[in-house]
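Below you'll find the structure, written out as C-alpha cells, and then a few comments.
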Amino acid sequence: MLPGVRPGALSGIRNLPARDSDRAQSTHPSPRASHWDGNSASELPAAFAPLDLPPPEEYFQRKVALISGITGQDGSYLTEFLLEKGYTVHGIIRRSSSFNTGRLHHLYEDQHERPNKFHLHYGDLTDSTALVFLMARILPTEVYNLGAQSHVKVSFSLAEYTADVDAIGTLRLLDAIRTCGLTKHCRFYQASTSELYGLVQEVPQSETTPFYPRSPYGVAKLYAYWITINYREAYGMYAVNGILFNHESPRRGRTFVTRKITRAVAEIYENKQACLWLGNLDAQRDWGHARDYIEGMWLLLQGEQPTDFVLATGETHPVREFVEKAFGVVGIKLTWSGSGVDEEARDVKTGKVVVKVDPQYFRPAEVDLLLGNPAKAERMLGWKRQVKFDELVKEMVEADLTAVRNFVEDQN
Ligand code: NAP
Ligand code: GDD
C-alpha cells in the first residue's frame, strides 16, 4: 500500500499511486506521514492474467514456438527443425510490397503432411500492440527473437531504425510476454551476436570477453543482450542469449559477403558477370553453417537453468580466403596483385580480372577479427559444429551454380 492511500479507499483497484487529494492530508511532515518517494510503485497483475493459464508443468505439455524473423535465413531453418520435432510453429512476418516468404515456400507446400502445424501472422517488432495480441492468441511455450535489421553496414545508414527494431523490438517482445502473464510459461531466445565483441578485447572470444560494439547494429544488439538478462533476473524468466558467430548457407541474404561471393563466382563461371567488387578483404570471420547453429538455439532453451552461450566454430578465415576457396570450387585459380583499394585478383588461366576492391563497401568502423571459443557449449550442451569451412563454401557455390543455370533469381 502506498502512503496517502486509505485502506479500502480505492475499491477493486490495488496499490495505485496517491492522488493529489490524498496527498493533501500530509502536507505537514510528521515522523509517520511520508510522501511517495518514487521507488515504491507496486506491480499490477498482468493485463492478460485472466487468460486462465494452466500451471506451467501442464502448459509445457504443448510445444508451441513463436518466431520473429521467420522469413530470414535462420528463421526458415529453425522452422524446419521445430516442425520435425513436432512443434506447432507460428511466425511473425512483416507486410512487404514484394514477397518476403521465399525461404518458406517449401514449408507451405508441406502443409498437407503436417496440417495445422505452421502459421504465419502479420506483425512487426516496432508494433507492441500486434506483439501483445499475437502472444495472447498463440500462447507459445518458446519464443525465438530472430527478427532484426541484421546488416551491419546498413545499420550505419539506418541507425535509428536499427535501434528501434533490434534493441527496443526485443524489449517489446519481452514485455508482450509479461503483459500476457507468460513469464513462467514460456522460454525466450535472443539472437545475440559476435558483433558485440567488435573491437575485440581478447582472442578468442568467449562468454566472459568484454564487449566493444563497433556499429549501430552492434550497439542495438548490446541493449537487447542486457535487457534479456535483466528480464531473466528481474522476473525469473527463462530468457537466454545465444551469442552466435557468423553462420552462412545457400539461404544467406545476397548482400552478406559469403553469399555475394558465391553468387558472383557462379555468375562469372557462367559468363553472366565479369567481376566481383568487394570491400575489406582482410576482415576475418568465424564462419559456420546456419543449420548447425539452429540446433544450438533450440538446445539453449532446453536446459535446466537459463544461461548464455557462445556458438562458434573456433576457426577464423579472411574474406580473401573465402574468395579463393569459392573460385576454387569451379576450378578457377586466382593470382593477387596490388594492395589496399588497388588490390585485384586475376583468373590465372584467362588473365582476366575477376575481383576488385570498391571502397563503397568499406565500413565507417570495422570489426577486423572474430574468433569464437565454443568450449562452454560443447561441454554443457554437447553442441558442436558439424559442417567444416571448405564444405560450407562448396555447398554455397554449388547451390548458386544450380540457381544461375536455372535462371533462379531468389530475393534473398
Ligand atoms: P536475416 O536473414 O537478415 O533475417 C532477419 C529477419 O528479421 C527477417 O525475417 C526479417 O524480415 C526480419 N525483420 C526485420 N525487421 C523486422 C521488423 N521490424 N519486425 C519483424 N521482423 C523483422 O537474418 P539471419 O541471418 O537469419 O539472422 C537471424 C538473427 O540472428 C538476426 O537477429 C541477426 O541479427 C542474428 N544473428 C545472425 C548471425 C548470422 O551470422 N546470420 C549471427 C549472429 C546473430 P524480412 O524478411 O521481411 O526482411
Ligand atoms: N557485406 C559485405 N559486402 N561485406 C564485405 C564486403 C562486401 O562487399 N567486402 C568485404 N566485406 C567484409 C565486411 O567489411 C565484414 O568485415 C565481413 O566482410 C563480413 O561482412 P558481412 O558478411 O556483411 O557480415 P558481418 O560479419 O558484418 O555481420 C554478419 O554476422 C554478424 C555476426 O558476427 C551479420 O549476419 C550480422 O547480423 C551478425 O550479427
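Ordered as shown in the C-alpha cells, chains take letters A, B, and onward, while each chain numbers its residues from 1 and ligands are numbered from 1 in the order shown.
Neighbouring residues of His121 (chain A) at 9 Å or closer, counting only C-alpha atoms and skipping chain neighbours under 4 positions away, are A:His90, A:Gly91, A:Ile92, A:Ile93, A:Arg94, A:Leu134.
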**Request:** Go through the chains and note each residue within 7 Å of ligand 2, using only C-alpha atoms and all ligand atoms, then give the set as a ChimeraX atom specification.
**Result:** /A:150-153,193-195,244-246,255-258,260,277-281,283-285,319,361-363,366-368
Would you mind exporting the chosen residues as a compact mmCIF listing (two decimals), in the first residue's frame, restricted to N, CA, C and O atoms?
# COMPACT_ATOMS: atom_id res chain seq x y z
N SER A 150 19.50 -6.79 -39.78
CA SER A 150 20.68 -7.57 -39.40
C SER A 150 21.94 -7.21 -40.20
O SER A 150 22.96 -7.87 -40.03
N HIS A 151 21.84 -6.21 -41.06
CA HIS A 151 23.01 -5.88 -41.88
C HIS A 151 23.84 -4.78 -41.22
O HIS A 151 23.37 -3.66 -41.00
N VAL A 152 25.09 -5.11 -40.92
CA VAL A 152 25.95 -4.19 -40.16
C VAL A 152 26.18 -2.89 -40.93
O VAL A 152 26.04 -1.79 -40.37
N LYS A 153 26.53 -2.99 -42.21
CA LYS A 153 26.81 -1.77 -42.98
C LYS A 153 25.54 -0.91 -43.08
O LYS A 153 25.60 0.31 -42.91
N THR A 193 24.90 -11.72 -30.79
CA THR A 193 25.83 -11.80 -31.92
C THR A 193 27.28 -11.54 -31.53
O THR A 193 27.55 -10.78 -30.60
N SER A 194 28.18 -12.12 -32.29
CA SER A 194 29.61 -11.87 -32.09
C SER A 194 29.96 -10.41 -32.42
O SER A 194 31.04 -9.95 -32.03
N GLU A 195 29.06 -9.70 -33.11
CA GLU A 195 29.30 -8.27 -33.35
C GLU A 195 29.39 -7.49 -32.03
O GLU A 195 29.90 -6.38 -32.00
N LEU A 244 25.96 -15.80 -31.22
CA LEU A 244 26.32 -16.61 -32.36
C LEU A 244 27.31 -15.90 -33.27
O LEU A 244 27.12 -14.71 -33.60
N PHE A 245 28.35 -16.63 -33.66
CA PHE A 245 29.29 -16.11 -34.65
C PHE A 245 28.67 -16.34 -36.03
O PHE A 245 27.66 -17.04 -36.17
N ASN A 246 29.30 -15.74 -37.05
CA ASN A 246 28.70 -15.75 -38.40
C ASN A 246 28.34 -17.16 -38.85
O ASN A 246 29.15 -18.06 -38.75
N THR A 255 23.41 -9.83 -49.83
CA THR A 255 24.28 -8.68 -49.57
C THR A 255 25.30 -8.98 -48.47
O THR A 255 26.12 -8.12 -48.15
N PHE A 256 25.24 -10.17 -47.88
CA PHE A 256 26.29 -10.57 -46.93
C PHE A 256 27.45 -11.14 -47.73
O PHE A 256 27.25 -11.71 -48.81
N VAL A 257 28.67 -11.01 -47.20
CA VAL A 257 29.83 -11.19 -48.07
C VAL A 257 29.93 -12.61 -48.63
O VAL A 257 30.26 -12.78 -49.81
N THR A 258 29.63 -13.64 -47.83
CA THR A 258 29.81 -15.01 -48.33
C THR A 258 28.90 -15.29 -49.53
O THR A 258 29.33 -15.79 -50.55
N LYS A 260 27.37 -13.09 -51.40
CA LYS A 260 27.71 -12.21 -52.50
C LYS A 260 28.83 -12.84 -53.33
O LYS A 260 28.80 -12.84 -54.56
N TRP A 277 33.04 -7.12 -57.06
CA TRP A 277 33.57 -5.95 -56.33
C TRP A 277 33.33 -6.13 -54.85
O TRP A 277 32.19 -6.33 -54.42
N LEU A 278 34.39 -6.02 -54.06
CA LEU A 278 34.27 -6.23 -52.62
C LEU A 278 34.89 -5.08 -51.85
O LEU A 278 35.60 -4.24 -52.42
N GLY A 279 34.67 -5.10 -50.52
CA GLY A 279 35.28 -4.11 -49.63
C GLY A 279 36.53 -4.68 -48.97
O GLY A 279 37.46 -5.13 -49.65
N ASN A 280 36.53 -4.72 -47.67
CA ASN A 280 37.70 -5.12 -46.89
C ASN A 280 37.99 -6.63 -47.02
O ASN A 280 37.27 -7.45 -46.47
N LEU A 281 39.06 -6.95 -47.72
CA LEU A 281 39.40 -8.37 -47.96
C LEU A 281 40.14 -8.98 -46.76
O LEU A 281 40.30 -10.19 -46.68
N ALA A 283 39.31 -8.59 -43.49
CA ALA A 283 38.48 -8.92 -42.32
C ALA A 283 38.43 -10.43 -42.15
O ALA A 283 38.37 -11.17 -43.13
N GLN A 284 38.45 -10.87 -40.89
CA GLN A 284 38.42 -12.31 -40.61
C GLN A 284 37.16 -12.66 -39.83
O GLN A 284 36.79 -11.94 -38.90
N ARG A 285 36.56 -13.77 -40.23
CA ARG A 285 35.33 -14.20 -39.57
C ARG A 285 35.40 -15.67 -39.21
O ARG A 285 36.06 -16.47 -39.88
N VAL A 319 38.34 -12.81 -45.52
CA VAL A 319 37.45 -12.74 -46.67
C VAL A 319 38.20 -13.21 -47.92
O VAL A 319 37.66 -13.96 -48.75
N TYR A 361 32.17 -0.32 -50.18
CA TYR A 361 31.79 -1.43 -49.29
C TYR A 361 32.56 -1.41 -47.96
O TYR A 361 32.35 -2.28 -47.11
N PHE A 362 33.47 -0.44 -47.80
CA PHE A 362 34.14 -0.30 -46.50
C PHE A 362 33.14 0.22 -45.48
O PHE A 362 32.17 0.91 -45.83
N ARG A 363 33.40 -0.06 -44.20
CA ARG A 363 32.51 0.41 -43.13
C ARG A 363 33.16 1.56 -42.37
O ARG A 363 34.39 1.58 -42.23
N GLU A 366 35.23 -0.80 -38.53
CA GLU A 366 35.23 -2.21 -38.95
C GLU A 366 35.47 -3.14 -37.76
O GLU A 366 36.09 -2.75 -36.76
N VAL A 367 34.94 -4.33 -37.88
CA VAL A 367 35.27 -5.42 -36.96
C VAL A 367 36.29 -6.28 -37.70
O VAL A 367 35.96 -6.98 -38.66
N ASP A 368 37.54 -6.22 -37.28
CA ASP A 368 38.61 -6.83 -38.07
C ASP A 368 38.70 -8.34 -37.90
O ASP A 368 39.00 -9.06 -38.84
**Asked** How far is it from CA of Leu370 (chain A) to CA of Ala239 (chain A), in Å with one decimal?
**Response** 25.1 Å
**Message:** To test your reading of the structure, identify every residue in region 149-292 of chain A that backbone DSSP assigns to alpha helix (DSSP H), and report it as a ChimeraX atom specification.
**Reply:** /A:152-157,159-162,169-179,216-235,257-269,290-292
**Request:** Quick one: everything within 9 Å of Asp410 (chain A), counting only C-alpha atoms, minus sequence neighbours fewer than 6 positions away in the same chain. Send it as a VMD selection string.
**Result:** chain A and resid 102 to 103 254 403
**Prompt:** From the list A:Arg385, A:Lys63, A:Arg252, A:His106, which residue is nearest ligand 1 when using only C-alpha atoms and all ligand atoms?
**Reply:**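 Smallest separation from ligand 1 among the options: A:Arg252.
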Set out as a Markdown table a contact list for chain A and ligand 1 with a cut-off of 7 Å, giving each residue of chain A that qualifies its closest atom pair and distance in Å to one decimal, counting only C-alpha atoms and all ligand atoms, ordered by chain and rising residue number.
| residue | atom | partner | partner_atom_place_in_ligand_line | distance |
| --- | --- | --- | --- | --- |
| A:Ser68 | CA | ligand 1 | 21 (N) | 5.6 |
| A:Gly69 | CA | ligand 1 | 9 (O) | 3.2 |
| A:Ile70 | CA | ligand 1 | 9 (O) | 4.8 |
| A:Thr71 | CA | ligand 1 | 9 (O) | 3.7 |
| A:Gly72 | CA | ligand 1 | 4 (O) | 3.4 |
| A:Gln73 | CA | ligand 1 | 26 (O) | 3.7 |
| A:Asp74 | CA | ligand 1 | 26 (O) | 3.7 |
| A:Gly75 | CA | ligand 1 | 26 (O) | 5.7 |
| A:Ile92 | CA | ligand 1 | 20 (C) | 6.6 |
| A:Ile93 | CA | ligand 1 | 47 (O) | 6.2 |
| A:Arg94 | CA | ligand 1 | 47 (O) | 5.0 |
| A:Ser96 | CA | ligand 1 | 47 (O) | 6.6 |
| A:Asn100 | CA | ligand 1 | 46 (O) | 5.0 |
| A:Thr101 | CA | ligand 1 | 46 (O) | 6.9 |
| A:Gly123 | CA | ligand 1 | 20 (C) | 6.6 |
| A:Asp124 | CA | ligand 1 | 19 (N) | 3.7 |
| A:Leu125 | CA | ligand 1 | 19 (N) | 3.9 |
| A:Thr126 | CA | ligand 1 | 18 (N) | 5.5 |
| A:Asn145 | CA | ligand 1 | 32 (O) | 6.9 |
| A:Leu146 | CA | ligand 1 | 29 (C) | 4.0 |
| A:Gly147 | CA | ligand 1 | 7 (O) | 3.2 |
| A:Ala148 | CA | ligand 1 | 7 (O) | 4.2 |
| A:Gln149 | CA | ligand 1 | 14 (C) | 4.8 |
| A:Ser150 | CA | ligand 1 | 34 (O) | 4.2 |
| A:His151 | CA | ligand 1 | 3 (O) | 6.7 |
| A:Val165 | CA | ligand 1 | 18 (N) | 5.1 |
| A:Ala191 | CA | ligand 1 | 30 (O) | 4.6 |
| A:Ser192 | CA | ligand 1 | 44 (C) | 5.2 |
| A:Thr193 | CA | ligand 1 | 43 (C) | 3.8 |
| A:Ser194 | CA | ligand 1 | 43 (C) | 6.1 |
| A:Ile243 | CA | ligand 1 | 43 (C) | 6.5 |
| A:Leu244 | CA | ligand 1 | 43 (C) | 4.3 |
| A:Phe245 | CA | ligand 1 | 42 (C) | 5.0 |
| A:Asn246 | CA | ligand 1 | 40 (O) | 3.3 |
| A:His247 | CA | ligand 1 | 40 (O) | 4.0 |
| A:Glu248 | CA | ligand 1 | 41 (N) | 6.2 |
| A:Arg252 | CA | ligand 1 | 2 (O) | 6.3 |
| A:Gly253 | CA | ligand 1 | 2 (O) | 5.8 |
**Request:** Find the residues near Lys117 (chain A): any atom within 8 Å, counting only C-alpha atoms, skip ones fewer than 5 places away on the same chain, and give them as a PyMOL selection string.
**Result:** chain A and resi 83+87-89+111
Let's have the selection written as a compact mmCIF listing (two decimals), in the first residue's frame, with N, CA, C and O atoms.
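This went into result-v1.txt:
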# COMPACT_ATOMS: atom_id res chain seq x y z
N LEU A 83 9.45 -28.07 -36.75
CA LEU A 83 8.35 -28.89 -37.29
C LEU A 83 8.74 -30.37 -37.23
O LEU A 83 7.93 -31.22 -36.87
N TYR A 87 6.78 -29.59 -33.14
CA TYR A 87 6.24 -28.32 -32.66
C TYR A 87 5.17 -27.79 -33.61
O TYR A 87 5.20 -28.06 -34.81
N THR A 88 4.27 -27.00 -33.06
CA THR A 88 3.46 -26.11 -33.87
C THR A 88 4.25 -24.80 -33.96
O THR A 88 4.72 -24.30 -32.93
N VAL A 89 4.43 -24.30 -35.18
CA VAL A 89 5.28 -23.12 -35.35
C VAL A 89 4.45 -21.94 -35.87
O VAL A 89 3.75 -22.06 -36.88
N GLN A 111 2.18 -28.36 -46.17
CA GLN A 111 1.03 -28.23 -45.25
C GLN A 111 0.19 -29.51 -45.15
O GLN A 111 -0.32 -29.81 -44.08
**Item:** Residue list (strand (DSSP E or B), DSSP) for region 110-347 of chain A, as a ChimeraX atom specification
**Value:** /A:118-122,142-145,187-193,205,239-244,247-248,276-278,284-285,288-289,309-311,317-318,334-337,344-347
**Prompt:** Do you know which residues are at most 7 Å from region 323-329 of chain A counting only C-alpha atoms, after dropping those on the same chain fewer than 6 positions away, and could you put them as an NGL selection string?
**Reply:** :A and (261-262 or 265 or 393-394 or 397)
Selection to disk with N, CA, C and O atoms, as a PDB file, in the first residue's frame:
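Okay, this is what ended up in result20.pdb:
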ATOM      1  N   ILE A 261      29.782 -13.447 -52.617  1.00  0.00           N
ATOM      2  CA  ILE A 261      30.915 -14.077 -53.303  1.00  0.00           C
ATOM      3  C   ILE A 261      30.449 -15.321 -54.076  1.00  0.00           C
ATOM      4  O   ILE A 261      30.758 -15.486 -55.263  1.00  0.00           O
ATOM      5  N   THR A 262      29.684 -16.193 -53.406  1.00  0.00           N
ATOM      6  CA  THR A 262      29.357 -17.468 -54.071  1.00  0.00           C
ATOM      7  C   THR A 262      28.434 -17.238 -55.275  1.00  0.00           C
ATOM      8  O   THR A 262      28.570 -17.899 -56.300  1.00  0.00           O
ATOM      9  N   VAL A 265      30.704 -15.900 -58.053  1.00  0.00           N
ATOM     10  CA  VAL A 265      31.539 -16.967 -58.636  1.00  0.00           C
ATOM     11  C   VAL A 265      30.716 -17.752 -59.652  1.00  0.00           C
ATOM     12  O   VAL A 265      31.172 -18.030 -60.769  1.00  0.00           O
ATOM     13  N   VAL A 393      31.705 -23.639 -48.046  1.00  0.00           N
ATOM     14  CA  VAL A 393      31.952 -22.873 -49.269  1.00  0.00           C
ATOM     15  C   VAL A 393      31.456 -23.667 -50.478  1.00  0.00           C
ATOM     16  O   VAL A 393      30.762 -23.132 -51.359  1.00  0.00           O
ATOM     17  N   LYS A 394      31.778 -24.954 -50.488  1.00  0.00           N
ATOM     18  CA  LYS A 394      31.390 -25.807 -51.631  1.00  0.00           C
ATOM     19  C   LYS A 394      29.861 -25.864 -51.778  1.00  0.00           C
ATOM     20  O   LYS A 394      29.328 -25.693 -52.868  1.00  0.00           O
ATOM     21  N   VAL A 397      28.552 -22.505 -53.163  1.00  0.00           N
ATOM     22  CA  VAL A 397      28.863 -22.272 -54.588  1.00  0.00           C
ATOM     23  C   VAL A 397      28.015 -23.203 -55.456  1.00  0.00           C
ATOM     24  O   VAL A 397      27.424 -22.773 -56.460  1.00  0.00           O
TER      25      VAL A 397
END
Residues near Ile177 (chain A), anyone? I mean within 8 Å using only C-alpha atoms, not counting same-chain ones fewer than 5 positions away, as a compact mmCIF listing (two decimals) with C-alpha atoms, in the first residue's frame.
# COMPACT_ATOMS: atom_id res chain seq x y z
CA VAL A 132 0.79 -8.50 -27.36
CA MET A 135 1.34 -13.54 -27.74
CA LEU A 182 3.57 -15.72 -19.51
CA THR A 183 6.84 -15.05 -17.70
CA CYS A 186 7.38 -19.50 -21.97
**Message:** Using Å and a single decimal, report how far CA of Phe118 (chain A) sits from CA of Tyr238 (chain A).
**Reply:**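 Atom-to-atom, CA of Tyr238 (chain A) and CA of Phe118 (chain A) are spaced 24.2 Å apart.
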What are the closest atom pairs, with distances in Å to one decimal, for all residues of region 155-186 of chain A lying within 9 Å of region 49-62 of chain A? Consider only C-alpha atoms, order rows by chain and residue number, and present the result as JSON lines.
{"residue": "A:Thr179", "atom": "CA", "partner": "A:Ala49", "partner_atom": "CA", "distance": 8.2}
{"residue": "A:Cys180", "atom": "CA", "partner": "A:Ala49", "partner_atom": "CA", "distance": 6.3}
{"residue": "A:Gly181", "atom": "CA", "partner": "A:Ala49", "partner_atom": "CA", "distance": 5.3}
{"residue": "A:Leu182", "atom": "CA", "partner": "A:Ala49", "partner_atom": "CA", "distance": 8.5}
{"residue": "A:Lys184", "atom": "CA", "partner": "A:Pro56", "partner_atom": "CA", "distance": 6.6}
{"residue": "A:His185", "atom": "CA", "partner": "A:Pro56", "partner_atom": "CA", "distance": 5.2}
{"residue": "A:Cys186", "atom": "CA", "partner": "A:Phe60", "partner_atom": "CA", "distance": 8.1}
**Request:** Write out as a list in words which residues come within 9 Å of Asp347 (chain A) when counting only C-alpha atoms, dropping same-chain ones fewer than 5 positions away.
**Result:** Ile332, Lys333, Leu334, Thr335, Lys352, Val353 and Val354 of chain A
